[in-house]
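The structure appears right after this line, and notes come after that.
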Amino acid sequence: MDWFAWDFNHPAYFTIYADKVQEAQVEGPGLTALLDLPPGSLVLDLPCGWGRLHPHLRAAGLEAIGGDLSPLNLVRHQAEQPAPLVRLDFRALPFRTACADGVFCAYTSWGYFATEAENLRQLEEFTRVLRPGGVLLLDLAGRGYLQEVTADVDDVWLDFPEEGYQERVTWSSDDRRIITERICQGARFCHDIWIPTEAEVRGAFETCGLELEQVYGGLDGQPWTQSAERRIYRAIKR
Ligand SMILES: C[S@@+](CC[C@H](N)C(=O)[O-])C[C@H]1O[C@@H](n2cnc3c(N)ncnc32)[C@H](O)[C@@H]1O
């Protein structure tokens, strides 16, 4: 089974990412403001996870439809934030071409696939479902930031007793992917995520027919810098 189908669909995932509930109070309004679409716009929240950002899209008057691969996340979403939800895979979205005003892709949810072709396919699918002039908001971790914060702990197991898990981060030998292993509630997890360079993101946008409008380095809309913790791309479908 692919790591992303297993890791995000295990109950321990909610323990490991428990702090993201609180963080949604800041991330939700911040990312929704950067998406910057008028009330009534149809936004596909891809992936929606357990719906922690959904109320903030709704609060801005947006019509949000969520999609995710994980049944466990979708069940929690429906219980906590009832909404139109679809189980889907990024590589073949079950939506009509040009149906959406926006695609909202939060919290480093690109780069999960093993091949460049599949990762490009995800972006092509995001572009396909956008109407011309529609907006993609792609919220990625900063590559320089990740390299900096992992430099001293690379390949070292760290214990997070309060959070209830152990973690080891390593980079792939070609420096392209970050591999995060975790042990929680007796289960082992291994995220394996491509962290693209700035040039690679821009190249992929170009290939897909997305015009990059802005890269933000944080939720307050500050400009992106090499060391910024986040890279939040706002791109327009041509
Ligand atoms: C880091 S979470 C982010 C969720 C949400 N955007 C948020 O900020 O809370 C990544 C999500 O991607 C989903 N996912 C992973 N691989 C996927 C795929 N191939 N197709 C659709 N969703 C996928 C996972 O199930 C998980 O809910």
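Residues in the structure tokens are numbered from 1 in each chain, the chains being A, B, ... in the order shown, and ligands are numbered from 1 in the order shown.
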
Using DSSP secondary structure from the backbone, list all helix (DSSP H, G or I) positions within segment 11-236 of chain A, as number ranges by chain. A: 12-16, 19-35, 54-59, 71-80, 116-129, 143-150, 198-208

Residues at most 8 Å from Leu57 of chain A, counting only C-alpha atoms, excluding those fewer than 4 positions away in the same chain, as number ranges by chain? A: 28-29, 32, 53, 61-64

C-alpha atoms of the current selection, written as an mmCIF file, in the first residue's frame:
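Wrote again-v1.cif, looks like this:
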```
data_model
loop_
_atom_site.group_PDB
_atom_site.id
_atom_site.type_symbol
_atom_site.label_atom_id
_atom_site.label_comp_id
_atom_site.auth_asym_id
_atom_site.auth_seq_id
_atom_site.Cartn_x
_atom_site.Cartn_y
_atom_site.Cartn_z
ATOM 1 C CA GLY A 28 -7.945 28.882 8.357
ATOM 2 C CA PRO A 29 -8.537 32.657 8.275
ATOM 3 C CA THR A 32 -8.770 31.807 3.201
ATOM 4 C CA LEU A 53 -10.170 24.406 7.743
ATOM 5 C CA GLY A 61 -19.093 32.810 2.314
ATOM 6 C CA LEU A 62 -17.443 30.194 0.083
ATOM 7 C CA GLU A 63 -19.205 27.037 -1.096
ATOM 8 C CA ALA A 64 -16.726 24.360 -0.094
#
```

Against ligand 1, which residues of chain A fall within 8 Å? For each one I want the closest pair of atoms and the distance in Å (one decimal), counting only C-alpha atoms and all ligand atoms, rows by chain and increasing residue number, as CSV.
```
residue,atom,partner,partner_atom_place_in_ligand_line,distance
A:Phe4,CA,ligand 1,16 (N),4.8
A:Ala5,CA,ligand 1,16 (N),6.0
A:Asp7,CA,ligand 1,25 (O),7.9
A:Phe8,CA,ligand 1,25 (O),4.8
A:Asn9,CA,ligand 1,25 (O),6.3
A:Lys20,CA,ligand 1,9 (O),7.3
A:Ala24,CA,ligand 1,9 (O),7.9
A:Asp45,CA,ligand 1,6 (N),7.1
A:Leu46,CA,ligand 1,6 (N),6.3
A:Pro47,CA,ligand 1,6 (N),4.7
A:Cys48,CA,ligand 1,5 (C),4.6
A:Gly49,CA,ligand 1,27 (O),3.5
A:Trp50,CA,ligand 1,9 (O),6.4
A:Gly51,CA,ligand 1,9 (O),6.4
A:Arg52,CA,ligand 1,9 (O),5.6
A:Leu53,CA,ligand 1,9 (O),6.4
A:Gly67,CA,ligand 1,21 (C),6.8
A:Asp68,CA,ligand 1,22 (N),4.0
A:Leu69,CA,ligand 1,22 (N),4.0
A:Ser70,CA,ligand 1,25 (O),4.2
A:Pro71,CA,ligand 1,25 (O),7.9
A:Asn73,CA,ligand 1,27 (O),6.0
A:Arg87,CA,ligand 1,21 (C),7.6
A:Leu88,CA,ligand 1,21 (C),5.5
A:Asp89,CA,ligand 1,20 (N),3.5
A:Phe90,CA,ligand 1,20 (N),4.1
A:Arg91,CA,ligand 1,19 (N),6.7
A:Phe104,CA,ligand 1,6 (N),7.9
A:Cys105,CA,ligand 1,6 (N),5.8
A:Ala106,CA,ligand 1,6 (N),4.2
A:Tyr107,CA,ligand 1,8 (O),4.6
A:Thr108,CA,ligand 1,1 (C),6.0
A:Ser109,CA,ligand 1,10 (C),5.2
A:Tyr112,CA,ligand 1,16 (N),6.6
A:Phe113,CA,ligand 1,19 (N),7.5
```

Can you write out the residues you just picked, keeping C-alpha atoms, as a PDB file, in the first residue's frame?
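Full text of part.pdb as output:
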```pdb
ATOM      1  CA  PHE A   4      -0.090   8.139   2.012  1.00  0.00           C
ATOM      2  CA  ALA A   5      -3.018   5.707   1.898  1.00  0.00           C
ATOM      3  CA  ASP A   7      -0.374   6.919   7.259  1.00  0.00           C
ATOM      4  CA  PHE A   8      -3.309   9.338   7.044  1.00  0.00           C
ATOM      5  CA  ASN A   9      -5.953   6.676   7.520  1.00  0.00           C
ATOM      6  CA  LYS A  20      -3.250  21.132  14.010  1.00  0.00           C
ATOM      7  CA  ALA A  24      -6.471  25.862  12.240  1.00  0.00           C
ATOM      8  CA  ASP A  45     -10.819  21.753  -0.569  1.00  0.00           C
ATOM      9  CA  LEU A  46      -8.282  19.189  -1.787  1.00  0.00           C
ATOM     10  CA  PRO A  47      -7.380  17.443   0.384  1.00  0.00           C
ATOM     11  CA  CYS A  48      -9.873  18.349   3.083  1.00  0.00           C
ATOM     12  CA  GLY A  49      -8.534  15.969   5.755  1.00  0.00           C
ATOM     13  CA  TRP A  50     -10.826  15.943   8.773  1.00  0.00           C
ATOM     14  CA  GLY A  51     -12.232  19.368   7.862  1.00  0.00           C
ATOM     15  CA  ARG A  52     -10.309  21.543  10.287  1.00  0.00           C
ATOM     16  CA  LEU A  53     -10.170  24.406   7.743  1.00  0.00           C
ATOM     17  CA  GLY A  67     -12.228  15.638  -1.183  1.00  0.00           C
ATOM     18  CA  ASP A  68      -9.792  13.208   0.369  1.00  0.00           C
ATOM     19  CA  LEU A  69      -8.451   9.679  -0.042  1.00  0.00           C
ATOM     20  CA  SER A  70      -8.817   8.703   3.615  1.00  0.00           C
ATOM     21  CA  PRO A  71     -12.209   7.302   4.685  1.00  0.00           C
ATOM     22  CA  ASN A  73     -10.683  11.584   7.722  1.00  0.00           C
ATOM     23  CA  ARG A  87     -13.586  10.197  -1.543  1.00  0.00           C
ATOM     24  CA  LEU A  88     -11.044  10.687  -4.304  1.00  0.00           C
ATOM     25  CA  ASP A  89      -7.479  10.365  -5.490  1.00  0.00           C
ATOM     26  CA  PHE A  90      -5.650  13.490  -6.644  1.00  0.00           C
ATOM     27  CA  ARG A  91      -4.597  11.751  -9.849  1.00  0.00           C
ATOM     28  CA  PHE A 104      -7.569  25.086  -1.881  1.00  0.00           C
ATOM     29  CA  CYS A 105      -4.609  22.790  -1.160  1.00  0.00           C
ATOM     30  CA  ALA A 106      -3.403  23.345   2.402  1.00  0.00           C
ATOM     31  CA  TYR A 107      -0.603  21.956   4.532  1.00  0.00           C
ATOM     32  CA  THR A 108       1.999  20.465   2.182  1.00  0.00           C
ATOM     33  CA  SER A 109      -0.346  18.181   0.293  1.00  0.00           C
ATOM     34  CA  TYR A 112       3.338  12.581  -2.025  1.00  0.00           C
ATOM     35  CA  PHE A 113       3.710  10.462  -5.150  1.00  0.00           C
TER      36      PHE A 113
END
```

Contacts of Pro132 of chain A at 8 Å (only C-alpha atoms; same-chain gap of 3+ positions) as a ChimeraX atom specification: /A:98,236-238

Which of A:Ile195, A:Leu34, A:Ala100, A:Leu146 sits closest to Tyr233 of chain A [using only C-alpha atoms]: A:Leu34

For segment 166-177 of chain A, please output as an mmCIF file with N, CA and C atoms, in the first residue's frame all residues within 10 Å (counting only C-alpha atoms; exclusion window: fewer than 4 positions along the same chain).
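File out.cif, as written:
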```cif
data_model
loop_
_atom_site.group_PDB
_atom_site.id
_atom_site.type_symbol
_atom_site.label_atom_id
_atom_site.label_comp_id
_atom_site.auth_asym_id
_atom_site.auth_seq_id
_atom_site.Cartn_x
_atom_site.Cartn_y
_atom_site.Cartn_z
ATOM 1 N N ILE A 16 -0.945 12.257 16.404
ATOM 2 C CA ILE A 16 0.303 12.902 15.962
ATOM 3 C C ILE A 16 0.035 14.357 15.548
ATOM 4 N N GLY A 111 3.333 16.418 -3.646
ATOM 5 C CA GLY A 111 4.655 15.790 -3.592
ATOM 6 C C GLY A 111 4.636 14.428 -2.924
ATOM 7 N N TYR A 112 3.439 13.871 -2.708
ATOM 8 C CA TYR A 112 3.338 12.581 -2.025
ATOM 9 C C TYR A 112 3.704 11.405 -2.929
ATOM 10 N N ALA A 114 5.486 8.965 -5.785
ATOM 11 C CA ALA A 114 6.880 8.559 -5.969
ATOM 12 C C ALA A 114 7.478 9.109 -7.258
ATOM 13 N N ARG A 143 11.345 24.981 1.617
ATOM 14 C CA ARG A 143 12.433 24.008 1.492
ATOM 15 C C ARG A 143 13.651 24.427 2.327
ATOM 16 N N GLN A 147 15.260 22.461 5.574
ATOM 17 C CA GLN A 147 16.674 22.046 5.617
ATOM 18 C C GLN A 147 17.342 22.582 6.878
ATOM 19 N N THR A 150 16.022 20.770 10.159
ATOM 20 C CA THR A 150 16.343 19.345 10.287
ATOM 21 C C THR A 150 17.856 19.107 10.340
ATOM 22 N N ALA A 151 18.661 20.162 10.118
ATOM 23 C CA ALA A 151 20.116 19.980 10.007
ATOM 24 C C ALA A 151 20.715 19.287 11.239
ATOM 25 N N VAL A 153 19.147 17.487 13.551
ATOM 26 C CA VAL A 153 18.448 16.280 14.033
ATOM 27 C C VAL A 153 18.313 15.227 12.946
ATOM 28 N N ASP A 154 19.006 15.461 11.821
ATOM 29 C CA ASP A 154 18.898 14.531 10.703
ATOM 30 C C ASP A 154 19.295 13.130 11.156
ATOM 31 N N ASP A 155 18.442 12.167 10.917
ATOM 32 C CA ASP A 155 18.710 10.757 11.225
ATOM 33 C C ASP A 155 18.755 10.449 12.730
ATOM 34 N N VAL A 156 18.170 11.321 13.548
ATOM 35 C CA VAL A 156 18.180 11.107 15.002
ATOM 36 C C VAL A 156 16.735 10.853 15.461
ATOM 37 N N TRP A 157 16.548 9.796 16.258
ATOM 38 C CA TRP A 157 15.203 9.555 16.805
ATOM 39 C C TRP A 157 14.948 10.525 17.953
ATOM 40 N N LEU A 158 13.844 11.251 17.880
ATOM 41 C CA LEU A 158 13.460 12.196 18.933
ATOM 42 C C LEU A 158 12.193 11.693 19.607
ATOM 43 N N ASP A 159 12.109 11.945 20.915
ATOM 44 C CA ASP A 159 10.956 11.484 21.678
ATOM 45 C C ASP A 159 10.042 12.674 21.984
ATOM 46 N N PHE A 160 8.769 12.529 21.727
ATOM 47 C CA PHE A 160 7.779 13.560 22.086
ATOM 48 C C PHE A 160 6.789 12.918 23.052
ATOM 49 N N PRO A 161 7.181 12.802 24.347
ATOM 50 C CA PRO A 161 6.358 12.031 25.284
ATOM 51 C C PRO A 161 4.964 12.617 25.488
ATOM 52 N N GLU A 181 9.783 9.414 9.719
ATOM 53 C CA GLU A 181 9.295 8.162 10.324
ATOM 54 C C GLU A 181 8.744 8.481 11.704
ATOM 55 N N ARG A 182 7.667 7.812 12.057
ATOM 56 C CA ARG A 182 7.112 8.013 13.401
ATOM 57 C C ARG A 182 6.642 6.680 13.956
ATOM 58 N N ILE A 183 6.737 6.582 15.280
ATOM 59 C CA ILE A 183 6.160 5.428 15.971
ATOM 60 C C ILE A 183 5.154 5.989 16.958
ATOM 61 N N CYS A 184 3.913 5.544 16.852
ATOM 62 C CA CYS A 184 2.847 6.060 17.722
ATOM 63 C C CYS A 184 1.844 4.934 17.955
ATOM 64 N N ARG A 188 3.905 2.048 13.034
ATOM 65 C CA ARG A 188 5.004 2.786 12.371
ATOM 66 C C ARG A 188 4.449 3.524 11.161
ATOM 67 N N PHE A 189 4.896 4.743 11.020
ATOM 68 C CA PHE A 189 4.462 5.583 9.896
ATOM 69 C C PHE A 189 5.691 6.094 9.175
ATOM 70 N N CYS A 190 5.555 6.347 7.887
ATOM 71 C CA CYS A 190 6.703 6.867 7.135
ATOM 72 C C CYS A 190 6.231 7.768 5.994
ATOM 73 N N HIS A 191 6.150 9.071 6.296
ATOM 74 C CA HIS A 191 5.833 10.044 5.237
ATOM 75 C C HIS A 191 7.072 10.184 4.338
ATOM 76 N N ASP A 192 6.856 10.249 3.043
ATOM 77 C CA ASP A 192 7.966 10.354 2.079
ATOM 78 C C ASP A 192 7.541 11.394 1.037
ATOM 79 N N ILE A 193 7.955 12.646 1.270
ATOM 80 C CA ILE A 193 7.379 13.765 0.514
ATOM 81 C C ILE A 193 8.450 14.501 -0.300
ATOM 82 N N TRP A 194 8.174 14.656 -1.580
ATOM 83 C CA TRP A 194 9.036 15.470 -2.454
ATOM 84 C C TRP A 194 8.870 16.930 -2.047
ATOM 85 N N ILE A 195 10.018 17.575 -1.765
ATOM 86 C CA ILE A 195 9.997 19.005 -1.431
ATOM 87 C C ILE A 195 10.629 19.735 -2.620
ATOM 88 N N PRO A 196 9.804 20.211 -3.547
ATOM 89 C CA PRO A 196 10.346 20.777 -4.788
ATOM 90 C C PRO A 196 11.111 22.071 -4.554
ATOM 91 N N THR A 197 12.046 22.326 -5.457
ATOM 92 C CA THR A 197 12.729 23.624 -5.430
ATOM 93 C C THR A 197 11.751 24.664 -5.981
#
```

Once DSSP has gone over the backbone, tell me which residues of segment 43-176 of chain A are in strand (DSSP E), as a VMD selection string. chain A and resid 43 to 45 63 to 68 85 to 87 100 to 105 130 to 141 158 to 160 165 to 171

Pick from A:Val215, A:Val86, A:Val103, A:Leu37: nearest to Val201 of chain A, with only C-alpha atoms counted?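 Counting only C-alpha atoms, the residue closest to Val201 of chain A is A:Val215.
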
Calculated over only C-alpha atoms, which of the candidates A:Ala199, A:Ile178, A:Ala33, A:Ala187 has the smallest distance to Pro11 of chain A? A:Ala187

Would you please work out which residue, of A:Leu72, A:Leu130, A:Ala92, A:Met1, is nearest to Leu44 of chain A when using only C-alpha atoms?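 Closest candidate: A:Leu130.
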
Using only C-alpha atoms, find the one residue out of A:Ala228, A:Val43, A:Ala12, A:Val75 that sits nearest to Glu148 of chain A.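 Once distances to Glu148 of chain A are computed over only C-alpha atoms, the minimum belongs to A:Ala228.
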
Calculated over only C-alpha atoms, which of the candidates A:Glu27, A:Glu206, A:Glu198, A:Asp36 has the smallest distance to Arg234 of chain A?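 Smallest distance to Arg234 of chain A is found for A:Asp36.
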